[in-house]
>>> print(open('query.tsv').read())   # TSV, C-alpha atoms and all ligand atoms
chain	number	residue	atom	x	y	z
F	1	MET	CA	13.23	12.54	-13.05
F	2	ILE	CA	9.71	11.93	-14.35
F	3	ASP	CA	7.85	11.03	-11.17
F	4	LEU	CA	4.41	9.46	-11.64
F	5	ARG	CA	4.11	7.94	-8.16
F	6	SER	CA	1.85	10.68	-6.77
F	7	ASP	CA	0.85	14.32	-7.12
F	8	THR	CA	2.46	14.92	-3.71
F	9	VAL	CA	5.92	15.02	-5.34
F	10	THR	CA	5.60	18.49	-6.89
F	11	ARG	CA	8.20	21.04	-5.84
F	12	PRO	CA	7.58	24.74	-5.31
F	13	GLY	CA	8.58	26.82	-8.34
F	14	ALA	CA	10.31	30.20	-8.36
F	15	ALA	CA	7.12	32.29	-8.13
F	16	MET	CA	5.75	30.26	-5.22
F	17	LEU	CA	9.08	30.49	-3.38
F	18	GLN	CA	9.07	34.23	-4.01
F	19	ALA	CA	5.61	34.49	-2.43
F	20	MET	CA	6.83	32.48	0.57
F	21	MET	CA	9.87	34.73	1.04
F	22	ALA	CA	7.72	37.85	0.89
F	23	ALA	CA	5.11	36.54	3.36
F	24	GLU	CA	4.20	38.68	6.34
F	25	THR	CA	4.21	36.52	9.45
F	26	GLY	CA	3.20	36.51	13.09
F	27	ASP	CA	2.52	33.89	15.77
F	28	ASP	CA	-0.43	31.89	14.48
F	29	VAL	CA	-1.17	30.31	17.88
F	30	TYR	CA	-1.99	33.90	18.95
F	31	ARG	CA	-3.85	34.27	15.61
F	32	ASP	CA	-1.33	36.97	14.73
F	33	ASP	CA	-0.16	35.62	11.38
F	34	PRO	CA	-1.80	37.76	8.67
F	35	THR	CA	-0.89	35.33	5.88
F	36	VAL	CA	-2.42	32.34	7.67
F	37	ASN	CA	-5.49	34.44	8.43
F	38	ALA	CA	-5.75	35.42	4.77
F	39	LEU	CA	-5.43	31.81	3.62
F	40	GLU	CA	-8.09	30.64	6.08
F	41	ALA	CA	-10.42	33.46	5.02
F	42	GLU	CA	-9.91	32.61	1.35
F	43	ALA	CA	-10.55	28.89	1.94
F	44	ALA	CA	-13.72	29.66	3.90
F	45	ARG	CA	-14.89	32.01	1.14
F	46	LEU	CA	-14.20	29.48	-1.64
F	47	GLY	CA	-15.93	26.69	0.29
F	48	GLY	CA	-18.90	28.87	1.28
F	49	LYS	CA	-18.25	28.05	4.96
F	50	ALA	CA	-18.04	30.38	7.95
F	51	ALA	CA	-14.48	29.45	8.90
F	52	ALA	CA	-11.37	27.46	7.99
F	53	LEU	CA	-8.25	26.28	9.78
F	54	PHE	CA	-4.74	25.67	8.43
F	55	PHE	CA	-2.98	22.34	9.14
F	56	PRO	CA	0.45	20.93	8.36
F	57	THR	CA	-1.04	17.76	6.80
F	58	GLY	CA	-4.27	16.32	5.47
F	59	THR	CA	-3.98	13.45	7.93
F	60	GLN	CA	-4.06	15.91	10.83
F	61	ALA	CA	-6.97	17.86	9.28
F	62	ASN	CA	-8.98	14.64	8.92
F	63	LEU	CA	-8.11	13.47	12.44
F	64	VAL	CA	-9.11	16.82	13.94
F	65	ALA	CA	-12.35	16.78	11.93
F	66	LEU	CA	-13.22	13.39	13.42
F	67	LEU	CA	-12.27	14.59	16.93
F	68	SER	CA	-14.44	17.67	16.44
F	69	HIS	CA	-17.51	15.67	15.39
F	70	CYS	CA	-17.25	12.50	17.50
F	71	GLU	CA	-16.61	11.86	21.18
F	72	ARG	CA	-15.05	8.84	22.82
F	73	GLY	CA	-17.19	5.75	22.14
F	74	GLU	CA	-18.85	7.21	19.07
F	75	GLU	CA	-18.32	6.05	15.51
F	76	TYR	CA	-17.98	7.22	11.92
F	77	ILE	CA	-19.12	5.37	8.82
F	78	VAL	CA	-16.41	5.42	6.18
F	79	GLY	CA	-15.24	3.64	3.02
F	80	GLN	CA	-13.22	0.46	3.37
F	81	GLN	CA	-10.50	1.98	1.15
F	82	ALA	CA	-10.85	5.55	2.44
F	83	HIS	CA	-7.69	7.41	3.40
F	84	ASN	CA	-9.07	8.39	6.82
F	85	TYR	CA	-9.85	4.77	7.61
F	86	LYS	CA	-7.05	2.81	6.02
F	87	TYR	CA	-4.11	5.14	5.46
F	88	GLU	CA	-3.96	7.31	8.59
F	89	ALA	CA	-2.48	4.74	10.95
F	90	GLY	CA	-5.76	4.24	12.81
F	91	GLY	CA	-5.49	7.71	14.34
F	92	ALA	CA	-9.20	8.13	15.09
F	93	ALA	CA	-9.24	4.90	17.11
F	94	VAL	CA	-5.81	5.33	18.71
F	95	LEU	CA	-5.98	9.02	19.59
F	96	GLY	CA	-9.72	9.68	19.68
F	97	SER	CA	-11.28	6.41	20.92
F	98	ILE	CA	-13.53	6.83	17.88
F	99	GLN	CA	-14.66	3.59	16.25
F	100	PRO	CA	-14.63	3.35	12.47
F	101	GLN	CA	-17.47	1.47	10.75
F	102	PRO	CA	-16.07	0.79	7.28
F	103	ILE	CA	-18.33	-0.22	4.38
F	104	LEU	CA	-17.52	-1.06	0.77
F	105	ALA	CA	-17.69	1.78	-1.74
F	106	ALA	CA	-19.58	1.30	-5.01
F	107	ASP	CA	-17.64	1.31	-8.29
F	108	ASP	CA	-18.21	5.07	-8.66
F	109	GLY	CA	-16.59	5.82	-5.29
F	110	THR	CA	-19.88	6.58	-3.48
F	111	LEU	CA	-21.00	4.84	-0.28
F	112	PRO	CA	-24.46	3.39	-1.09
F	113	LEU	CA	-26.93	5.08	1.26
F	114	ASP	CA	-28.97	1.92	1.89
F	115	GLU	CA	-25.78	0.31	3.19
F	116	VAL	CA	-24.94	3.37	5.24
F	117	ALA	CA	-28.47	3.19	6.72
F	118	ALA	CA	-27.98	-0.49	7.57
F	119	ALA	CA	-24.73	0.35	9.38
F	120	ILE	CA	-26.25	3.04	11.63
F	121	LYS	CA	-26.55	1.62	15.15
F	122	PRO	CA	-29.81	1.91	17.11
F	123	ASP	CA	-29.70	3.88	20.36
F	124	ASP	CA	-28.89	0.95	22.63
F	125	ILE	CA	-26.22	0.52	25.33
F	126	HIS	CA	-24.67	-2.34	23.35
F	127	PHE	CA	-23.57	-0.09	20.53
F	128	ALA	CA	-21.23	2.75	19.81
F	129	ARG	CA	-23.19	5.89	18.86
F	130	THR	CA	-23.11	6.56	15.13
F	131	ARG	CA	-22.21	10.20	14.67
F	132	LEU	CA	-20.72	10.90	11.27
F	133	LEU	CA	-20.64	9.87	7.63
F	134	SER	CA	-17.25	10.43	5.99
F	135	LEU	CA	-16.94	10.54	2.20
F	136	GLU	CA	-13.84	10.95	0.03
F	137	ASN	CA	-13.91	13.19	-3.06
F	138	THR	CA	-12.12	12.42	-5.30
F	139	HIS	CA	-11.75	8.73	-4.36
F	140	HIS	CA	-9.13	6.89	-6.44
F	141	GLY	CA	-9.52	9.67	-8.97
F	142	LYS	CA	-13.31	9.30	-9.08
F	143	VAL	CA	-15.46	12.41	-8.73
F	144	LEU	CA	-18.56	11.92	-6.56
F	145	PRO	CA	-21.66	13.03	-8.52
F	146	LEU	CA	-23.36	16.18	-7.20
F	147	HIS	CA	-26.77	14.47	-7.08
F	148	TYR	CA	-25.25	11.78	-4.83
F	149	LEU	CA	-23.75	14.42	-2.52
F	150	ALA	CA	-27.15	16.16	-2.31
F	151	GLU	CA	-28.85	12.86	-1.41
F	152	ALA	CA	-26.14	11.95	1.11
F	153	PHE	CA	-26.42	15.35	2.78
F	154	GLN	CA	-30.22	15.08	3.01
F	155	PHE	CA	-29.81	11.52	4.35
F	156	THR	CA	-27.47	12.68	7.12
F	157	ARG	CA	-29.94	15.43	8.13
F	158	GLU	CA	-32.70	12.82	8.47
F	159	HIS	CA	-30.48	10.49	10.49
F	160	LYS	CA	-28.94	13.24	12.63
F	161	LEU	CA	-25.41	12.54	11.42
F	162	ALA	CA	-22.73	15.02	10.50
F	163	LEU	CA	-21.12	14.73	7.06
F	164	HIS	CA	-17.39	15.17	6.51
F	165	ILE	CA	-15.74	15.17	3.09
F	166	ASP	CA	-12.09	14.21	2.85
F	167	GLY	CA	-11.42	16.52	-0.06
F	168	ALA	CA	-7.68	16.02	-0.30
F	169	ARG	CA	-8.23	16.29	-4.08
F	170	ILE	CA	-11.50	18.25	-4.04
F	171	PHE	CA	-10.11	20.77	-6.54
F	172	ASN	CA	-9.74	17.92	-9.04
F	173	ALA	CA	-13.51	17.46	-8.64
F	174	VAL	CA	-13.95	21.23	-9.11
F	175	ALA	CA	-11.90	21.06	-12.32
F	176	ALA	CA	-13.74	17.98	-13.61
F	177	GLN	CA	-17.26	19.21	-12.81
F	178	GLN	CA	-16.57	22.83	-13.76
F	179	VAL	CA	-18.39	24.17	-10.68
F	180	PRO	CA	-17.23	26.45	-7.86
F	181	LEU	CA	-15.99	24.67	-4.71
F	182	GLU	CA	-19.00	26.04	-2.86
F	183	THR	CA	-21.35	24.00	-5.07
F	184	ILE	CA	-19.72	20.80	-3.78
F	185	ALA	CA	-19.03	21.95	-0.22
F	186	ARG	CA	-22.63	22.97	0.46
F	187	TYR	CA	-23.35	19.23	0.86
F	188	CYS	CA	-21.13	18.72	3.90
F	189	ASP	CA	-20.54	20.04	7.41
F	190	THR	CA	-16.77	19.92	7.16
F	191	LEU	CA	-14.37	19.64	4.25
F	192	SER	CA	-10.63	18.95	4.36
F	193	VAL	CA	-8.54	20.15	1.42
F	194	CYS	CA	-4.89	19.35	0.59
F	195	LEU	CA	-2.73	22.15	-0.78
F	196	SER	CA	0.20	19.78	-1.19
F	197	LYS	CA	-1.23	17.45	-3.85
F	198	GLY	CA	-2.10	18.69	-7.33
F	199	LEU	CA	-2.17	22.30	-6.13
F	200	GLY	CA	1.60	22.14	-5.76
F	201	ALA	CA	2.26	23.66	-2.32
F	202	PRO	CA	5.08	21.99	-0.37
F	203	VAL	CA	3.02	21.63	2.83
F	204	GLY	CA	-0.46	22.34	4.09
F	205	SER	CA	-4.11	21.41	4.34
F	206	LEU	CA	-7.27	23.20	5.38
F	207	LEU	CA	-10.41	22.26	7.25
F	208	CYS	CA	-13.54	24.28	6.41
F	209	GLY	CA	-16.73	24.30	8.45
F	210	ASP	CA	-19.07	26.34	10.63
F	211	ALA	CA	-17.63	28.66	13.29
F	212	ALA	CA	-18.39	26.43	16.30
F	213	CYS	CA	-16.90	23.34	14.71
F	214	ILE	CA	-13.73	25.17	13.64
F	215	GLU	CA	-13.37	26.56	17.19
F	216	ARG	CA	-13.45	22.99	18.55
F	217	ALA	CA	-11.00	22.00	15.83
F	218	ARG	CA	-8.60	24.76	16.90
F	219	ARG	CA	-8.34	23.25	20.40
F	220	TRP	CA	-7.88	19.71	19.01
F	221	ARG	CA	-5.26	20.96	16.57
F	222	LYS	CA	-3.28	22.45	19.48
F	223	MET	CA	-3.60	19.17	21.38
F	224	VAL	CA	-2.24	17.02	18.55
F	225	GLY	CA	0.67	19.39	18.02
F	226	GLY	CA	-0.52	21.28	14.95
F	227	GLY	CA	-0.41	24.79	16.43
F	228	MET	CA	2.33	26.38	14.34
F	229	ARG	CA	3.98	29.75	14.91
F	230	GLN	CA	5.20	31.82	11.90
F	231	ALA	CA	3.27	29.52	9.57
F	232	GLY	CA	2.64	32.37	7.13
F	233	ILE	CA	5.63	31.21	5.12
F	234	LEU	CA	3.73	27.98	4.41
F	235	ALA	CA	0.34	29.67	4.10
F	236	ALA	CA	1.79	31.96	1.41
F	237	ALA	CA	2.52	28.89	-0.69
F	238	GLY	CA	-1.06	27.75	-0.13
F	239	LEU	CA	-2.49	31.12	-1.13
F	240	TYR	CA	-0.30	31.12	-4.23
F	241	ALA	CA	-1.56	27.62	-5.05
F	242	LEU	CA	-5.22	28.63	-4.69
F	243	GLN	CA	-4.67	31.69	-6.88
F	244	HIS	CA	-2.55	30.12	-9.63
F	245	ASN	CA	-2.80	26.34	-9.66
F	246	VAL	CA	-6.51	25.52	-9.63
F	247	ALA	CA	-7.39	26.28	-13.25
F	248	ARG	CA	-4.41	24.31	-14.55
F	249	LEU	CA	-5.60	21.03	-12.96
F	250	LYS	CA	-7.53	20.43	-16.17
F	251	GLU	CA	-4.16	20.00	-17.89
F	252	ASP	CA	-3.34	17.14	-15.49
F	253	HIS	CA	-6.68	15.52	-16.32
F	254	ASP	CA	-6.10	15.89	-20.07
F	255	ASN	CA	-2.61	14.46	-19.65
F	256	ALA	CA	-3.90	11.47	-17.66
F	257	ALA	CA	-6.57	10.81	-20.31
F	258	TRP	CA	-3.91	11.02	-23.04
F	259	LEU	CA	-1.54	8.71	-21.13
F	260	GLY	CA	-4.32	6.17	-20.49
F	261	GLN	CA	-5.28	6.15	-24.16
F	262	GLN	CA	-1.66	5.76	-25.33
F	263	LEU	CA	-0.96	2.91	-22.90
F	264	HIS	CA	-4.18	1.20	-23.95
F	265	GLU	CA	-3.12	1.43	-27.61
F	266	THR	CA	0.28	0.04	-26.63
F	267	GLY	CA	-1.43	-3.06	-25.22
F	268	VAL	CA	-1.31	-2.18	-21.51
F	269	GLU	CA	-4.41	-3.16	-19.51
F	270	VAL	CA	-5.90	0.17	-18.42
F	271	VAL	CA	-8.44	-0.51	-15.67
F	272	ASP	CA	-9.61	3.03	-15.03
F	273	GLN	CA	-8.75	6.63	-15.83
F	274	GLN	CA	-10.42	9.57	-14.13
F	275	THR	CA	-9.21	13.06	-13.23
F	276	ASN	CA	-5.40	12.87	-12.77
F	277	MET	CA	-5.06	9.13	-12.24
F	278	VAL	CA	-4.52	6.13	-14.50
F	279	PHE	CA	-4.93	2.65	-13.01
F	280	ILE	CA	-3.33	-0.22	-14.91
F	281	ARG	CA	-2.82	-3.95	-14.38
F	282	ILE	CA	0.58	-5.47	-15.06
F	283	PRO	CA	1.30	-9.20	-15.47
F	284	ALA	CA	3.20	-10.45	-12.38
F	285	GLY	CA	6.31	-11.35	-14.40
F	286	GLN	CA	6.60	-7.81	-15.76
F	287	VAL	CA	6.49	-5.97	-12.44
F	288	GLU	CA	10.17	-6.04	-11.43
F	289	PRO	CA	11.61	-5.76	-14.98
F	290	LEU	CA	9.35	-2.77	-15.78
F	291	LYS	CA	10.29	-1.02	-12.56
F	292	ALA	CA	14.01	-1.45	-13.30
F	293	TRP	CA	13.56	-0.46	-16.97
F	294	MET	CA	11.82	2.77	-16.04
F	295	GLU	CA	14.19	3.62	-13.20
F	296	ALA	CA	17.14	3.24	-15.56
F	297	ARG	CA	15.45	5.92	-17.70
F	298	ASP	CA	14.74	8.29	-14.79
F	299	VAL	CA	11.04	7.43	-14.61
F	300	LEU	CA	9.58	6.70	-11.15
F	301	ILE	CA	6.44	4.55	-10.98
F	302	SER	CA	5.04	2.61	-8.01
F	303	VAL	CA	4.95	-0.56	-10.08
F	304	GLY	CA	2.88	-3.45	-8.72
F	305	PRO	CA	0.31	-5.88	-10.13
F	306	SER	CA	-2.13	-2.96	-9.74
F	307	THR	CA	-0.35	0.27	-10.57
F	308	ARG	CA	-1.45	3.89	-10.20
F	309	LEU	CA	0.06	6.58	-12.41
F	310	VAL	CA	-0.59	10.15	-11.28
F	311	THR	CA	-0.18	13.29	-13.38
F	312	HIS	CA	0.72	16.67	-11.89
F	313	MET	CA	2.25	20.05	-12.67
F	314	ASP	CA	5.85	18.78	-12.76
F	315	VAL	CA	5.09	16.28	-15.56
F	316	ASP	CA	4.19	17.80	-18.90
F	317	ARG	CA	3.03	16.18	-22.14
F	318	ALA	CA	6.58	15.94	-23.49
F	319	ALA	CA	7.62	13.95	-20.41
F	320	LEU	CA	4.64	11.62	-20.87
F	321	GLU	CA	5.58	11.11	-24.52
F	322	LYS	CA	8.96	9.86	-23.30
F	323	VAL	CA	7.28	7.50	-20.84
F	324	VAL	CA	5.10	6.01	-23.61
F	325	THR	CA	8.16	5.59	-25.87
F	326	TYR	CA	10.06	3.79	-23.08
F	327	TRP	CA	7.03	1.61	-22.38
F	328	LYS	CA	6.72	0.56	-26.04
F	329	ALA	CA	10.43	-0.27	-26.11
F	330	PHE	CA	10.04	-2.35	-22.94
F	331	LEU	CA	7.19	-4.38	-24.42
F	332	GLN	CA	9.01	-4.88	-27.74
F	333	GLN	CA	12.31	-6.17	-26.32
D	401	LIG	C1	-3.08	12.62	0.67
D	401	LIG	C2	-4.41	12.38	1.23
D	401	LIG	C3	-4.76	12.78	2.51
D	401	LIG	C4	-3.82	13.51	3.46
D	401	LIG	O1	-2.51	13.14	3.36
D	401	LIG	P1	-1.29	13.94	4.00
D	401	LIG	O2	-0.14	13.29	3.34
D	401	LIG	O3	-1.35	13.71	5.46
D	401	LIG	O4	-1.42	15.39	3.66
D	401	LIG	C5	-6.03	12.54	2.94
D	401	LIG	N1	-6.94	11.94	2.15
D	401	LIG	C6	-6.64	11.54	0.90
D	401	LIG	C7	-7.71	10.93	0.07
D	401	LIG	C8	-5.38	11.74	0.40
D	401	LIG	O5	-5.10	11.35	-0.84
>>> encode(input="query.tsv", output="structure tokens")
Amino acid sequence: MIDLRSDTVTRPGAAMLQAMMAAETGDDVYRDDPTVNALEAEAARLGGKAAALFFPTGTQANLVALLSHCERGEEYIVGQQAHNYKYEAGGAAVLGSIQPQPILAADDGTLPLDEVAAAIKPDDIHFARTRLLSLENTHHGKVLPLHYLAEAFQFTREHKLALHIDGARIFNAVAAQQVPLETIARYCDTLSVCLSKGLGAPVGSLLCGDAACIERARRWRKMVGGGMRQAGILAAAGLYALQHNVARLKEDHDNAAWLGQQLHETGVEVVDQQTNMVFIRIPAGQVEPLKAWMEARDVLISVGPSTRLVTHMDVDRAALEKVVTYWKAFLQQ
């Protein structure tokens, strides 16, 4: 199968499984798991933060970040299409009584700071208290510019807001901007990172931040059911991913650029291509036939009028060459 639906579909390879089997473990709720402790220390070091915490999912890491920054009746400003507004089942509102204030992102994935300023509520009993600005990096494959992050961070200091980055794919930004993670993470209070996307771990996310915030997060994580026991088996996969799968993300970006260019030359409408994602538009009448055509050739794509193709470590250039060949044949029939 050539699976271009998402970079979450990667499977652990032999070396990663070996690392998982060899992991030393303990009870992480007692903080006794040396492998989890090592992963958290490594994430904190890479992000230039005092502490980090291991989570089963990015959704839980984002939820706990919001719970750690905002109390009941407070709000966070967030992108209308952001994962932690739109794709996390309303968890902040349902479980945290935290109100989202969504605003439209600009074409480059940033939230315009004048519009953020306009959305901040005055201190008045009519309003929820605005507490946090939440950004997503990368957002639909787009890397937020460093100068924007610097301005946004300064802005939040002036307005007494905290700044959270949903960095599910932050290492794609690291690969694209060729800077250490710390250079990006210095412009936020907390950063969530997925190990289970392009980094190729089967499970796991991290939340990085200052010591007090991560202590609050540890209590919230326990409350929402994320306190795991011998989690070192999973953390070993995460450590392996951080050590071996960061530098290779550039390959995914090169492959996505190549795929976008080839599809464009084939006559497909390529709307955008950044980092490991290609966005294309497909005429309505082609959606179902293309889906069936590709499935019959062992290619999985989430085909719709607007379609996202995602490259990752389990799809190499040779596989993409096949996809382009099948696509040409589909259009020529
Ligand atoms: C995948 C993703 C998450 C977290 O998803 P999980 O499946 O819960 O790990 C959060 N934010 C963004 C932008 C994502 O793409």
>>> residues_around(input="query.tsv", residues="segment 128-130 of chain F", least_positions_apart="6", cutoff="9 Å", atoms="only C-alpha atoms", output="mmCIF file with C-alpha atoms, in the coordinates of the input")
data_model
loop_
_atom_site.group_PDB
_atom_site.id
_atom_site.type_symbol
_atom_site.label_atom_id
_atom_site.label_comp_id
_atom_site.auth_asym_id
_atom_site.auth_seq_id
_atom_site.Cartn_x
_atom_site.Cartn_y
_atom_site.Cartn_z
ATOM 1 C CA CYS F 70 -17.250 12.500 17.500
ATOM 2 C CA GLY F 73 -17.190 5.750 22.140
ATOM 3 C CA GLU F 74 -18.850 7.210 19.070
ATOM 4 C CA GLU F 75 -18.320 6.050 15.510
ATOM 5 C CA TYR F 76 -17.980 7.220 11.920
ATOM 6 C CA ILE F 77 -19.120 5.370 8.820
ATOM 7 C CA ILE F 98 -13.530 6.830 17.880
ATOM 8 C CA GLN F 99 -14.660 3.590 16.250
ATOM 9 C CA GLN F 101 -17.470 1.470 10.750
ATOM 10 C CA ALA F 119 -24.730 0.350 9.380
ATOM 11 C CA ILE F 120 -26.250 3.040 11.630
ATOM 12 C CA LYS F 121 -26.550 1.620 15.150
ATOM 13 C CA PRO F 122 -29.810 1.910 17.110
ATOM 14 C CA LEU F 161 -25.410 12.540 11.420
#
>>> residues_around(input="query.tsv", residues="Cys188 of chain F", least_positions_apart="5", cutoff="12 Å", atoms="all atoms listed in the file", output="VMD selection string")
chain F and resid 47 to 49 132 to 137 146 148 to 157 161 to 167 181 to 183 207 to 210
>>> residues_near_point(input="query.tsv", point="(-10.7, 10.0, 4.4)", cutoff="12 Å", atoms="only C-alpha atoms", output="PyMOL selection string")
chain F and resi 58-66+76-92+100+102+133-140+163-170+190-194
>>> closest_residue(input="query.tsv", among="F:Val174, F:Ala41, F:Leu4, F:Leu53", to="Cys213 of chain F", atoms="only C-alpha atoms")
F:Leu53
>>> closest_residue(input="query.tsv", among="F:Thr10, F:Gly141, F:Ser196, F:Tyr240", to="Leu39 of chain F", atoms="only C-alpha atoms")
F:Tyr240
>>> closest_residue(input="query.tsv", among="F:Leu67, F:Ala22, F:Ala93, F:Leu309", to="His253 of chain F", atoms="only C-alpha atoms")
F:Leu309
>>> closest_residue(input="query.tsv", among="F:Lys197, F:Asp32, F:Tyr187, F:Glu158", to="ligand LIG 401 (chain D)", atoms="all atoms listed in the file")
F:Lys197
>>> closest_residue(input="query.tsv", among="F:Leu195, F:Val94, F:Met1, F:Ala118", to="ligand LIG 401 (chain D)", atoms="all atoms listed in the file")
F:Leu195
>>> atom_distance(input="query.tsv", atom1="atom CA of Arg45 of chain F", atom2="atom CA of Ile214 of chain F")
14.3 Å
>>> residues_near_point(input="query.tsv", point="(4.2, 30.2, -0.6)", cutoff="12 Å", atoms="all atoms listed in the file", output="ChimeraX atom specification")
/F:11-25,35-36,39,195-196,199-204,231-244
